[in-house]
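Contents: one structure, followed by commentary.
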There are 2 protein chains.
Amino acid sequence: MRIGELSERTGTPRRLLRYYEEQGLIKADRLANGYRDYDEAYVDRVLQIRGLLDTGLSTRIIKQILPCLNKPREIHFDEATPETLALLASERDRMTARIRCLTRNRDAIAEYLEMVSRA
Amino acid sequence: MRIGELSERTGTPRRLLRYYEEQGLIKADRLANGYRDYDEAYVDRVLQIRGLLDTGLSTRIIKQILPCLNKPREIHFDEATPETLALLASERDRMTARIRCLTRNRDAIAEYLEMVSRA
DNA sequence: TCAAACCTTGACATCGGTGTGAAGGTCAAC
DNA sequence: GTTGACCTTCACACCGATGTCAAGGTTTGA
Ligand SMILES: [Zn+2]
Ligand SMILES: [Zn+2]
Ligand SMILES: [Zn+2]
Ligand SMILES: [Zn+2]
């Protein structure tokens with residue numbers, strides 16, 4: 001699929017798809033005429049990237065953790081350096097903190113809304 | 001407490017404390033000489049703001065939801081307009097989506113790290 | 001009295017994610 | 001052939017969060 005369809009199916013401006021590629025998050029094949037050519041799997045992948053960006057992760061971090069997210073059941077030895085593993089552990093902990101913060105505050109909002117709806 | 005102590009106790013640059021005030025997230029009393037004077041409770045409040053910012057919420061949204069987070073057990077009638085309630089519900093749902101995304105991806109990272117540590 | 005450590009406001013810069021548009025190539029339909 | 005819809009790269013702009021610095025006032029202590 002070309003960039004237009006991927007853009008449409010993910011709700012992502014073409015500009016950003018090119019930006020994510022520039023940042024190394026996605027990689028497109030090229031057709032004979034130079035057009036980008038995306039595999040079907042990129043729909044999910046782009047949505048995943050968008051979701052992670054929305055939760056506060058940077059493209060730099062996403063780039064580092066993405067390979068492990070996609071195929072978590074196999075070790076990527078090229079990335080299994082102590083530094084990368086430390087980064088992954090640190091990111092895992094930061095995400096846990098984010099989840100706690102989000103959950104607590106979302107529950108407070110929900111509680112407030114319920115109270116208002118009862119009044 | 002003055003801005004320096006609040007900065008130190010929350011790990012937040014003074015610059016940002018003034019910025020949060022400018023955005024209406026916090027409000028400081030003033031001493032006779034013009035210095036900002038913060039109540040003890042601002043330590044938690046600033047940490048809460050920082051946490052929410054880290055999870056991808058903007059200062060504008062945080063400003064809207066903060067009053068309901070702090071005293072969720074009472075209705076703030078001045079803010080209980082249909083628009084504000086709709087925003088709160090929408091934000092609650094977005095936060096739920098963020099939590100799901102973060103949880104799924106964090107679990108994948110954790111799973112990967114466990115596998116590596118076993119190998 | 002002077003220095004150091006605070007504080008003030010204001011301006012300007014940086015950085016990442018994003019918007020927008022120019023200038024031009026490709027392709028399908030008419 | 002021409003038109004319109006797609007694609008390319010490139011550049012410039014914008015916005016929110018943050019860094020940095022200047023110029024100056026206040027307080028505390030040598
Ligand atoms: Zn990996
Ligand atoms: Zn929090
Ligand atoms: Zn409220
Ligand atoms: Zn996700």
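Labels for the structure tokens follow display order: chains A, B, ..., residues from 1 in each chain, ligands from 1.
With only C-alpha atoms (C1' of nucleotides) taken into account, chain A has Pro13, Arg15, Leu16, Tyr19, Asn33, Gly34, Tyr35, Leu53, Ser58 and Thr59 of chain A at most 10 Å from chain C.
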The selected residues should be written to file as a PDB file, in the first residue's frame (atoms: all heavy atoms).
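Final file, selection28.pdb:
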ATOM      1  N   PRO A  13      -1.289  11.979   9.310  1.00  0.00           N
ATOM      2  CA  PRO A  13      -0.865  12.793   8.167  1.00  0.00           C
ATOM      3  C   PRO A  13       0.357  12.185   7.474  1.00  0.00           C
ATOM      4  O   PRO A  13       1.263  11.660   8.136  1.00  0.00           O
ATOM      5  CB  PRO A  13      -0.518  14.145   8.800  1.00  0.00           C
ATOM      6  CG  PRO A  13      -1.318  14.194  10.052  1.00  0.00           C
ATOM      7  CD  PRO A  13      -1.421  12.778  10.531  1.00  0.00           C
ATOM      8  N   ARG A  15       2.772  13.639   6.248  1.00  0.00           N
ATOM      9  CA  ARG A  15       3.942  14.319   6.813  1.00  0.00           C
ATOM     10  C   ARG A  15       4.550  13.549   7.974  1.00  0.00           C
ATOM     11  O   ARG A  15       5.773  13.447   8.107  1.00  0.00           O
ATOM     12  CB  ARG A  15       3.523  15.715   7.285  1.00  0.00           C
ATOM     13  CG  ARG A  15       4.544  16.447   8.107  1.00  0.00           C
ATOM     14  CD  ARG A  15       5.661  16.941   7.237  1.00  0.00           C
ATOM     15  NE  ARG A  15       6.577  17.791   7.966  1.00  0.00           N
ATOM     16  CZ  ARG A  15       7.628  17.354   8.620  1.00  0.00           C
ATOM     17  NH1 ARG A  15       7.900  16.064   8.638  1.00  0.00           N
ATOM     18  NH2 ARG A  15       8.438  18.193   9.229  1.00  0.00           N
ATOM     19  N   LEU A  16       3.696  13.014   8.828  1.00  0.00           N
ATOM     20  CA  LEU A  16       4.190  12.316  10.019  1.00  0.00           C
ATOM     21  C   LEU A  16       4.724  10.936   9.676  1.00  0.00           C
ATOM     22  O   LEU A  16       5.688  10.479  10.280  1.00  0.00           O
ATOM     23  CB  LEU A  16       3.080  12.228  11.067  1.00  0.00           C
ATOM     24  CG  LEU A  16       2.763  13.560  11.719  1.00  0.00           C
ATOM     25  CD1 LEU A  16       1.772  13.384  12.847  1.00  0.00           C
ATOM     26  CD2 LEU A  16       4.026  14.233  12.219  1.00  0.00           C
ATOM     27  N   TYR A  19       8.027  11.559   8.676  1.00  0.00           N
ATOM     28  CA  TYR A  19       8.816  11.928   9.860  1.00  0.00           C
ATOM     29  C   TYR A  19       9.192  10.690  10.677  1.00  0.00           C
ATOM     30  O   TYR A  19      10.346  10.544  11.095  1.00  0.00           O
ATOM     31  CB  TYR A  19       8.033  12.917  10.723  1.00  0.00           C
ATOM     32  CG  TYR A  19       8.691  13.282  12.016  1.00  0.00           C
ATOM     33  CD1 TYR A  19       9.862  14.043  12.046  1.00  0.00           C
ATOM     34  CD2 TYR A  19       8.163  12.871  13.231  1.00  0.00           C
ATOM     35  CE1 TYR A  19      10.472  14.389  13.233  1.00  0.00           C
ATOM     36  CE2 TYR A  19       8.766  13.212  14.431  1.00  0.00           C
ATOM     37  CZ  TYR A  19       9.914  13.965  14.423  1.00  0.00           C
ATOM     38  OH  TYR A  19      10.514  14.294  15.605  1.00  0.00           O
ATOM     39  N   ASN A  33       8.931   3.618  -9.225  1.00  0.00           N
ATOM     40  CA  ASN A  33       8.868   5.055  -9.456  1.00  0.00           C
ATOM     41  C   ASN A  33       9.285   5.879  -8.245  1.00  0.00           C
ATOM     42  O   ASN A  33       9.169   7.099  -8.256  1.00  0.00           O
ATOM     43  CB  ASN A  33       7.456   5.439  -9.892  1.00  0.00           C
ATOM     44  CG  ASN A  33       6.419   4.940  -8.901  1.00  0.00           C
ATOM     45  OD1 ASN A  33       6.755   4.551  -7.787  1.00  0.00           O
ATOM     46  ND2 ASN A  33       5.171   4.945  -9.317  1.00  0.00           N
ATOM     47  N   GLY A  34       9.711   5.219  -7.183  1.00  0.00           N
ATOM     48  CA  GLY A  34      10.142   5.951  -6.015  1.00  0.00           C
ATOM     49  C   GLY A  34       9.089   6.094  -4.931  1.00  0.00           C
ATOM     50  O   GLY A  34       9.409   6.555  -3.831  1.00  0.00           O
ATOM     51  N   TYR A  35       7.876   5.707  -5.214  1.00  0.00           N
ATOM     52  CA  TYR A  35       6.816   5.798  -4.208  1.00  0.00           C
ATOM     53  C   TYR A  35       7.097   4.831  -3.060  1.00  0.00           C
ATOM     54  O   TYR A  35       7.606   3.728  -3.255  1.00  0.00           O
ATOM     55  CB  TYR A  35       5.459   5.439  -4.830  1.00  0.00           C
ATOM     56  CG  TYR A  35       4.917   6.435  -5.806  1.00  0.00           C
ATOM     57  CD1 TYR A  35       5.691   7.511  -6.249  1.00  0.00           C
ATOM     58  CD2 TYR A  35       3.625   6.306  -6.297  1.00  0.00           C
ATOM     59  CE1 TYR A  35       5.172   8.432  -7.145  1.00  0.00           C
ATOM     60  CE2 TYR A  35       3.103   7.218  -7.198  1.00  0.00           C
ATOM     61  CZ  TYR A  35       3.889   8.287  -7.622  1.00  0.00           C
ATOM     62  OH  TYR A  35       3.384   9.180  -8.509  1.00  0.00           O
ATOM     63  N   LEU A  53       3.391   7.444  21.399  1.00  0.00           N
ATOM     64  CA  LEU A  53       3.666   8.882  21.414  1.00  0.00           C
ATOM     65  C   LEU A  53       2.656   9.602  22.299  1.00  0.00           C
ATOM     66  O   LEU A  53       3.013  10.498  23.070  1.00  0.00           O
ATOM     67  CB  LEU A  53       3.599   9.441  19.987  1.00  0.00           C
ATOM     68  CG  LEU A  53       4.853   9.275  19.142  1.00  0.00           C
ATOM     69  CD1 LEU A  53       4.584   9.700  17.707  1.00  0.00           C
ATOM     70  CD2 LEU A  53       6.011  10.079  19.715  1.00  0.00           C
ATOM     71  N   SER A  58       9.024   9.351  23.665  1.00  0.00           N
ATOM     72  CA  SER A  58       9.608  10.066  22.540  1.00  0.00           C
ATOM     73  C   SER A  58       9.921   9.095  21.409  1.00  0.00           C
ATOM     74  O   SER A  58      10.040   7.886  21.623  1.00  0.00           O
ATOM     75  CB  SER A  58      10.901  10.754  22.972  1.00  0.00           C
ATOM     76  OG  SER A  58      11.872   9.779  23.287  1.00  0.00           O
ATOM     77  N   THR A  59      10.067   9.625  20.221  1.00  0.00           N
ATOM     78  CA  THR A  59      10.395   8.764  19.085  1.00  0.00           C
ATOM     79  C   THR A  59      11.713   8.031  19.322  1.00  0.00           C
ATOM     80  O   THR A  59      11.877   6.887  18.901  1.00  0.00           O
ATOM     81  CB  THR A  59      10.491   9.581  17.790  1.00  0.00           C
ATOM     82  OG1 THR A  59      11.408  10.647  17.970  1.00  0.00           O
ATOM     83  CG2 THR A  59       9.135  10.135  17.383  1.00  0.00           C
TER      84      THR A  59
END
Would you tabulate, counting only C-alpha atoms and all ligand atoms, all residues of chain B that have an atom at most 10 Å from an atom of ligand 4, showing the closest pair of atoms and their distance in Å to one decimal, sorted by chain then ascending number, as JSON lines?
{"residue": "B:Ala97", "atom": "CA", "partner": "ligand 4", "partner_atom_place_in_ligand_line": "1 (Zn)", "distance": 8.0}
{"residue": "B:Arg98", "atom": "CA", "partner": "ligand 4", "partner_atom_place_in_ligand_line": "1 (Zn)", "distance": 7.4}
{"residue": "B:Ile99", "atom": "CA", "partner": "ligand 4", "partner_atom_place_in_ligand_line": "1 (Zn)", "distance": 8.9}
{"residue": "B:Arg100", "atom": "CA", "partner": "ligand 4", "partner_atom_place_in_ligand_line": "1 (Zn)", "distance": 7.0}
{"residue": "B:Cys101", "atom": "CA", "partner": "ligand 4", "partner_atom_place_in_ligand_line": "1 (Zn)", "distance": 3.7}
{"residue": "B:Leu102", "atom": "CA", "partner": "ligand 4", "partner_atom_place_in_ligand_line": "1 (Zn)", "distance": 6.6}
{"residue": "B:Thr103", "atom": "CA", "partner": "ligand 4", "partner_atom_place_in_ligand_line": "1 (Zn)", "distance": 8.6}
{"residue": "B:Arg104", "atom": "CA", "partner": "ligand 4", "partner_atom_place_in_ligand_line": "1 (Zn)", "distance": 7.0}
{"residue": "B:Asn105", "atom": "CA", "partner": "ligand 4", "partner_atom_place_in_ligand_line": "1 (Zn)", "distance": 6.9}
DSSP strand (DSSP E or B) selection over range 10-113 of chain A, as a list in words: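 The strand (DSSP E or B) residues within range 10-113 of chain A come out as Asp29, Arg30, Arg36 and Asp37 of chain A.
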Cut-off 12 Å, only C-alpha atoms (C1' of nucleotides) and all ligand atoms, neighbours of ligand 3 as a ChimeraX atom specification: /A:108-113,115-116 /B:62-81,84-85,87-88
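A distance cut-off of 6 Å from ligand 2, applied to only C-alpha atoms (C1' of nucleotides) and all ligand atoms, picks out the residues Cys101 of chain A; Gln48, Gly51 and Leu52 of chain B.
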Lay chain B over chain A using all C-alpha atoms, matched one to one in order, with a least-squares fit; then write it out as a short mmCIF file (atom, residue, chain, number, x, y, z; two decimals) with N, CA and C atoms, in the first residue's frame.
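Generated file (result.cif):
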data_model
loop_
_atom_site.label_atom_id
_atom_site.label_comp_id
_atom_site.auth_asym_id
_atom_site.auth_seq_id
_atom_site.Cartn_x
_atom_site.Cartn_y
_atom_site.Cartn_z
N MET B 1 0.82 -1.18 0.01
CA MET B 1 -0.04 0.01 0.05
C MET B 1 0.83 1.26 0.03
N ARG B 2 0.34 2.32 -0.61
CA ARG B 2 1.13 3.55 -0.67
C ARG B 2 0.82 4.45 0.52
N ILE B 3 1.49 5.57 0.56
CA ILE B 3 1.44 6.39 1.78
C ILE B 3 0.04 6.94 2.03
N GLY B 4 -0.68 7.24 0.95
CA GLY B 4 -2.01 7.81 1.11
C GLY B 4 -2.95 6.86 1.84
N GLU B 5 -2.92 5.60 1.45
CA GLU B 5 -3.81 4.64 2.08
C GLU B 5 -3.41 4.41 3.54
N LEU B 6 -2.11 4.30 3.77
CA LEU B 6 -1.66 4.11 5.16
C LEU B 6 -2.07 5.31 6.02
N SER B 7 -1.94 6.48 5.43
CA SER B 7 -2.34 7.70 6.14
C SER B 7 -3.82 7.66 6.49
N GLU B 8 -4.61 7.29 5.51
CA GLU B 8 -6.06 7.27 5.71
C GLU B 8 -6.45 6.21 6.74
N ARG B 9 -5.83 5.04 6.65
CA ARG B 9 -6.24 3.94 7.53
C ARG B 9 -5.74 4.11 8.95
N THR B 10 -4.75 4.96 9.15
CA THR B 10 -4.25 5.16 10.51
C THR B 10 -4.59 6.55 11.05
N GLY B 11 -5.21 7.37 10.21
CA GLY B 11 -5.52 8.72 10.66
C GLY B 11 -4.28 9.54 10.95
N THR B 12 -3.22 9.26 10.22
CA THR B 12 -1.94 9.93 10.45
C THR B 12 -1.54 10.73 9.21
N PRO B 13 -1.28 12.00 9.37
CA PRO B 13 -0.85 12.82 8.22
C PRO B 13 0.37 12.21 7.53
N ARG B 14 0.40 12.31 6.20
CA ARG B 14 1.54 11.79 5.45
C ARG B 14 2.83 12.37 5.99
N ARG B 15 2.77 13.65 6.26
CA ARG B 15 3.95 14.32 6.82
C ARG B 15 4.56 13.54 7.98
N LEU B 16 3.71 13.02 8.84
CA LEU B 16 4.20 12.33 10.02
C LEU B 16 4.72 10.95 9.68
N LEU B 17 4.13 10.30 8.71
CA LEU B 17 4.65 8.99 8.31
C LEU B 17 6.07 9.15 7.80
N ARG B 18 6.32 10.22 7.04
CA ARG B 18 7.69 10.45 6.56
C ARG B 18 8.60 10.81 7.73
N TYR B 19 8.05 11.55 8.67
CA TYR B 19 8.84 11.91 9.85
C TYR B 19 9.22 10.68 10.66
N TYR B 20 8.29 9.79 10.87
CA TYR B 20 8.58 8.57 11.62
C TYR B 20 9.65 7.75 10.89
N GLU B 21 9.58 7.76 9.58
CA GLU B 21 10.60 7.04 8.81
C GLU B 21 11.96 7.71 9.00
N GLU B 22 11.96 9.01 8.95
CA GLU B 22 13.21 9.76 9.14
C GLU B 22 13.81 9.46 10.51
N GLN B 23 12.96 9.24 11.50
CA GLN B 23 13.43 8.94 12.85
C GLN B 23 13.75 7.46 13.03
N GLY B 24 13.58 6.66 11.99
CA GLY B 24 13.95 5.26 12.08
C GLY B 24 12.89 4.37 12.71
N LEU B 25 11.66 4.86 12.84
CA LEU B 25 10.61 4.06 13.46
C LEU B 25 9.97 3.11 12.46
N ILE B 26 9.88 3.52 11.24
CA ILE B 26 9.32 2.65 10.20
C ILE B 26 10.24 2.71 8.99
N LYS B 27 10.08 1.76 8.11
CA LYS B 27 10.94 1.70 6.94
C LYS B 27 10.07 1.25 5.77
N ALA B 28 10.10 1.97 4.67
CA ALA B 28 9.21 1.65 3.55
C ALA B 28 10.02 1.10 2.39
N ASP B 29 9.46 0.07 1.74
CA ASP B 29 10.01 -0.31 0.44
C ASP B 29 9.71 0.80 -0.55
N ARG B 30 10.36 0.70 -1.71
CA ARG B 30 10.09 1.70 -2.74
C ARG B 30 9.64 1.01 -4.01
N LEU B 31 8.63 1.53 -4.63
CA LEU B 31 8.21 1.05 -5.93
C LEU B 31 9.20 1.55 -6.99
N ALA B 32 9.01 1.07 -8.21
CA ALA B 32 9.93 1.43 -9.28
C ALA B 32 9.97 2.95 -9.48
N ASN B 33 8.85 3.59 -9.24
CA ASN B 33 8.79 5.04 -9.47
C ASN B 33 9.21 5.86 -8.25
N GLY B 34 9.63 5.20 -7.20
CA GLY B 34 10.09 5.94 -6.03
C GLY B 34 9.05 6.08 -4.94
N TYR B 35 7.83 5.73 -5.20
CA TYR B 35 6.78 5.82 -4.19
C TYR B 35 7.06 4.85 -3.04
N ARG B 36 6.68 5.24 -1.86
CA ARG B 36 6.80 4.32 -0.73
C ARG B 36 5.76 3.22 -0.81
N ASP B 37 6.15 2.03 -0.38
CA ASP B 37 5.27 0.87 -0.45
C ASP B 37 5.26 0.18 0.91
N TYR B 38 4.10 0.16 1.55
CA TYR B 38 4.02 -0.36 2.91
C TYR B 38 3.34 -1.71 2.94
N ASP B 39 3.84 -2.55 3.81
CA ASP B 39 3.20 -3.82 4.08
C ASP B 39 1.96 -3.60 4.94
N GLU B 40 1.04 -4.52 4.82
CA GLU B 40 -0.21 -4.44 5.58
C GLU B 40 0.03 -4.26 7.09
N ALA B 41 1.08 -4.89 7.58
CA ALA B 41 1.34 -4.87 9.02
C ALA B 41 1.63 -3.46 9.53
N TYR B 42 1.92 -2.53 8.62
CA TYR B 42 2.27 -1.19 9.07
C TYR B 42 1.09 -0.43 9.64
N VAL B 43 -0.10 -0.86 9.31
CA VAL B 43 -1.27 -0.20 9.90
C VAL B 43 -1.20 -0.33 11.42
N ASP B 44 -1.05 -1.56 11.89
CA ASP B 44 -0.95 -1.77 13.34
C ASP B 44 0.28 -1.08 13.92
N ARG B 45 1.37 -1.19 13.19
CA ARG B 45 2.61 -0.63 13.71
C ARG B 45 2.52 0.89 13.89
N VAL B 46 1.94 1.54 12.92
CA VAL B 46 1.80 2.99 13.03
C VAL B 46 0.85 3.36 14.17
N LEU B 47 -0.23 2.61 14.29
CA LEU B 47 -1.15 2.88 15.39
C LEU B 47 -0.45 2.68 16.73
N GLN B 48 0.40 1.68 16.79
CA GLN B 48 1.14 1.45 18.03
C GLN B 48 2.07 2.62 18.33
N ILE B 49 2.75 3.09 17.31
CA ILE B 49 3.64 4.24 17.48
C ILE B 49 2.85 5.46 17.96
N ARG B 50 1.73 5.71 17.32
CA ARG B 50 0.90 6.85 17.71
C ARG B 50 0.45 6.74 19.15
N GLY B 51 0.07 5.54 19.54
CA GLY B 51 -0.36 5.34 20.91
C GLY B 51 0.76 5.61 21.89
N LEU B 52 1.94 5.12 21.57
CA LEU B 52 3.06 5.33 22.48
C LEU B 52 3.43 6.80 22.54
N LEU B 53 3.42 7.47 21.42
CA LEU B 53 3.70 8.92 21.43
C LEU B 53 2.69 9.63 22.32
N ASP B 54 1.45 9.23 22.23
CA ASP B 54 0.39 9.87 23.00
C ASP B 54 0.58 9.66 24.49
N THR B 55 1.28 8.61 24.87
CA THR B 55 1.48 8.37 26.30
C THR B 55 2.74 9.04 26.81
N GLY B 56 3.37 9.83 25.96
CA GLY B 56 4.49 10.62 26.44
C GLY B 56 5.86 10.09 26.09
N LEU B 57 5.94 8.97 25.38
CA LEU B 57 7.25 8.47 24.96
C LEU B 57 7.74 9.25 23.74
N SER B 58 9.05 9.42 23.66
CA SER B 58 9.63 10.13 22.53
C SER B 58 9.94 9.15 21.40
N THR B 59 10.09 9.68 20.21
CA THR B 59 10.41 8.81 19.07
C THR B 59 11.73 8.08 19.32
N ARG B 60 12.64 8.73 19.98
CA ARG B 60 13.94 8.09 20.24
C ARG B 60 13.77 6.84 21.10
N ILE B 61 12.98 6.95 22.14
CA ILE B 61 12.73 5.80 23.01
C ILE B 61 11.92 4.73 22.28
N ILE B 62 10.93 5.18 21.56
CA ILE B 62 10.09 4.22 20.85
C ILE B 62 10.94 3.40 19.88
N LYS B 63 11.86 4.07 19.23
CA LYS B 63 12.72 3.36 18.29
C LYS B 63 13.51 2.26 18.99
N GLN B 64 13.95 2.54 20.20
CA GLN B 64 14.75 1.56 20.93
C GLN B 64 13.92 0.36 21.37
N ILE B 65 12.70 0.59 21.79
CA ILE B 65 11.94 -0.51 22.37
C ILE B 65 11.07 -1.23 21.36
N LEU B 66 10.85 -0.63 20.21
CA LEU B 66 9.91 -1.20 19.25
C LEU B 66 10.25 -2.63 18.83
N PRO B 67 11.50 -2.94 18.48
CA PRO B 67 11.79 -4.30 18.04
C PRO B 67 11.42 -5.34 19.09
N CYS B 68 11.64 -5.02 20.35
CA CYS B 68 11.34 -5.97 21.41
C CYS B 68 9.84 -6.10 21.62
N LEU B 69 9.09 -5.08 21.26
CA LEU B 69 7.64 -5.14 21.42
C LEU B 69 7.02 -6.01 20.34
N ASN B 70 7.60 -5.97 19.16
CA ASN B 70 6.97 -6.67 18.05
C ASN B 70 7.21 -8.18 18.10
N LYS B 71 8.43 -8.55 18.43
CA LYS B 71 8.72 -9.98 18.53
C LYS B 71 9.34 -10.28 19.89
N PRO B 72 8.55 -10.17 20.94
CA PRO B 72 9.13 -10.28 22.28
C PRO B 72 9.64 -11.68 22.59
N ARG B 73 9.25 -12.66 21.79
CA ARG B 73 9.59 -14.03 22.16
C ARG B 73 10.96 -14.48 21.64
N GLU B 74 11.62 -13.58 20.94
CA GLU B 74 12.97 -13.95 20.52
C GLU B 74 13.93 -12.83 20.90
N ILE B 75 15.13 -13.24 21.23
CA ILE B 75 16.13 -12.26 21.66
C ILE B 75 16.78 -11.63 20.44
N HIS B 76 16.90 -10.32 20.48
CA HIS B 76 17.58 -9.60 19.40
C HIS B 76 19.00 -9.31 19.87
N PHE B 77 19.88 -10.20 19.53
CA PHE B 77 21.21 -10.14 20.10
C PHE B 77 21.95 -8.85 19.75
N ASP B 78 21.63 -8.32 18.57
CA ASP B 78 22.30 -7.09 18.18
C ASP B 78 21.94 -5.95 19.11
N GLU B 79 20.82 -6.08 19.80
CA GLU B 79 20.40 -4.97 20.68
C GLU B 79 20.54 -5.34 22.15
N ALA B 80 20.91 -6.58 22.43
CA ALA B 80 20.91 -7.03 23.82
C ALA B 80 22.18 -6.60 24.54
N THR B 81 22.63 -5.39 24.27
CA THR B 81 23.78 -4.87 24.98
C THR B 81 23.34 -4.46 26.38
N PRO B 82 24.29 -4.40 27.31
CA PRO B 82 23.91 -3.97 28.67
C PRO B 82 23.23 -2.61 28.67
N GLU B 83 23.70 -1.71 27.82
CA GLU B 83 23.08 -0.38 27.81
C GLU B 83 21.62 -0.45 27.37
N THR B 84 21.37 -1.19 26.30
CA THR B 84 20.00 -1.29 25.83
C THR B 84 19.11 -1.97 26.86
N LEU B 85 19.63 -3.02 27.49
CA LEU B 85 18.82 -3.71 28.49
C LEU B 85 18.52 -2.79 29.67
N ALA B 86 19.50 -1.98 30.02
CA ALA B 86 19.27 -1.04 31.13
C ALA B 86 18.22 -0.01 30.73
N LEU B 87 18.31 0.45 29.49
CA LEU B 87 17.31 1.40 29.01
C LEU B 87 15.92 0.78 29.03
N LEU B 88 15.84 -0.45 28.59
CA LEU B 88 14.54 -1.12 28.59
C LEU B 88 13.98 -1.24 30.00
N ALA B 89 14.82 -1.63 30.93
CA ALA B 89 14.35 -1.78 32.31
C ALA B 89 13.91 -0.42 32.86
N SER B 90 14.70 0.60 32.54
CA SER B 90 14.35 1.93 33.02
C SER B 90 13.03 2.40 32.41
N GLU B 91 12.87 2.13 31.14
CA GLU B 91 11.64 2.56 30.47
C GLU B 91 10.45 1.77 31.02
N ARG B 92 10.66 0.49 31.27
CA ARG B 92 9.58 -0.31 31.86
C ARG B 92 9.13 0.31 33.18
N ASP B 93 10.09 0.74 33.99
CA ASP B 93 9.72 1.31 35.28
C ASP B 93 9.02 2.66 35.11
N ARG B 94 9.51 3.44 34.18
CA ARG B 94 8.85 4.73 33.95
C ARG B 94 7.43 4.54 33.47
N MET B 95 7.24 3.53 32.65
CA MET B 95 5.89 3.27 32.16
C MET B 95 5.00 2.81 33.29
N THR B 96 5.54 2.02 34.19
CA THR B 96 4.76 1.60 35.35
C THR B 96 4.34 2.81 36.18
N ALA B 97 5.24 3.74 36.34
CA ALA B 97 4.90 4.95 37.09
C ALA B 97 3.81 5.73 36.36
N ARG B 98 3.93 5.81 35.05
CA ARG B 98 2.90 6.52 34.27
C ARG B 98 1.54 5.85 34.44
N ILE B 99 1.56 4.55 34.39
CA ILE B 99 0.29 3.81 34.52
C ILE B 99 -0.35 4.10 35.87
N ARG B 100 0.46 4.10 36.91
CA ARG B 100 -0.09 4.38 38.24
C ARG B 100 -0.68 5.78 38.29
N CYS B 101 0.07 6.74 37.77
CA CYS B 101 -0.39 8.13 37.79
C CYS B 101 -1.68 8.28 37.01
N LEU B 102 -1.69 7.72 35.81
CA LEU B 102 -2.88 7.83 34.97
C LEU B 102 -4.08 7.15 35.63
N THR B 103 -3.85 5.98 36.19
CA THR B 103 -4.96 5.24 36.78
C THR B 103 -5.56 6.02 37.95
N ARG B 104 -4.68 6.50 38.81
CA ARG B 104 -5.17 7.22 39.97
C ARG B 104 -6.01 8.43 39.55
N ASN B 105 -5.47 9.20 38.59
CA ASN B 105 -6.17 10.42 38.21
C ASN B 105 -7.42 10.12 37.37
N ARG B 106 -7.34 9.11 36.54
CA ARG B 106 -8.54 8.77 35.78
C ARG B 106 -9.64 8.32 36.72
N ASP B 107 -9.29 7.54 37.74
CA ASP B 107 -10.30 7.08 38.68
C ASP B 107 -10.92 8.26 39.42
N ALA B 108 -10.11 9.26 39.71
CA ALA B 108 -10.66 10.43 40.39
C ALA B 108 -11.65 11.15 39.49
N ILE B 109 -11.30 11.26 38.21
CA ILE B 109 -12.23 11.90 37.27
C ILE B 109 -13.52 11.10 37.17
N ALA B 110 -13.37 9.78 37.04
CA ALA B 110 -14.55 8.93 36.91
C ALA B 110 -15.44 9.07 38.14
N GLU B 111 -14.79 9.08 39.29
CA GLU B 111 -15.54 9.19 40.54
C GLU B 111 -16.31 10.52 40.59
N TYR B 112 -15.62 11.58 40.17
CA TYR B 112 -16.27 12.89 40.15
C TYR B 112 -17.47 12.89 39.21
N LEU B 113 -17.27 12.33 38.03
CA LEU B 113 -18.36 12.32 37.05
C LEU B 113 -19.54 11.50 37.53
N GLU B 114 -19.25 10.40 38.19
CA GLU B 114 -20.34 9.59 38.73
C GLU B 114 -21.13 10.37 39.77
N MET B 115 -20.40 11.09 40.61
CA MET B 115 -21.06 11.86 41.65
C MET B 115 -21.94 12.95 41.04
N VAL B 116 -21.42 13.61 40.02
CA VAL B 116 -22.20 14.65 39.36
C VAL B 116 -23.45 14.06 38.73
N SER B 117 -23.28 12.90 38.11
CA SER B 117 -24.42 12.31 37.40
C SER B 117 -25.50 11.87 38.39
N ARG B 118 -25.10 11.59 39.60
CA ARG B 118 -26.09 11.19 40.60
C ARG B 118 -26.82 12.40 41.18
N ALA B 119 -26.21 13.56 41.05
CA ALA B 119 -26.79 14.77 41.65
C ALA B 119 -27.78 15.45 40.69
#
Interface, chain D side, toward chain A (9 Å; only C-alpha atoms (C1' of nucleotides)) as a list in words: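 Residues of chain D within 9 Å of chain A, counting only C-alpha atoms (C1' of nucleotides): DC6, DC7 and DT8 of chain D.
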Picked from chain A by DSSP as helix (DSSP H, G or I), as a count of residues only: 79
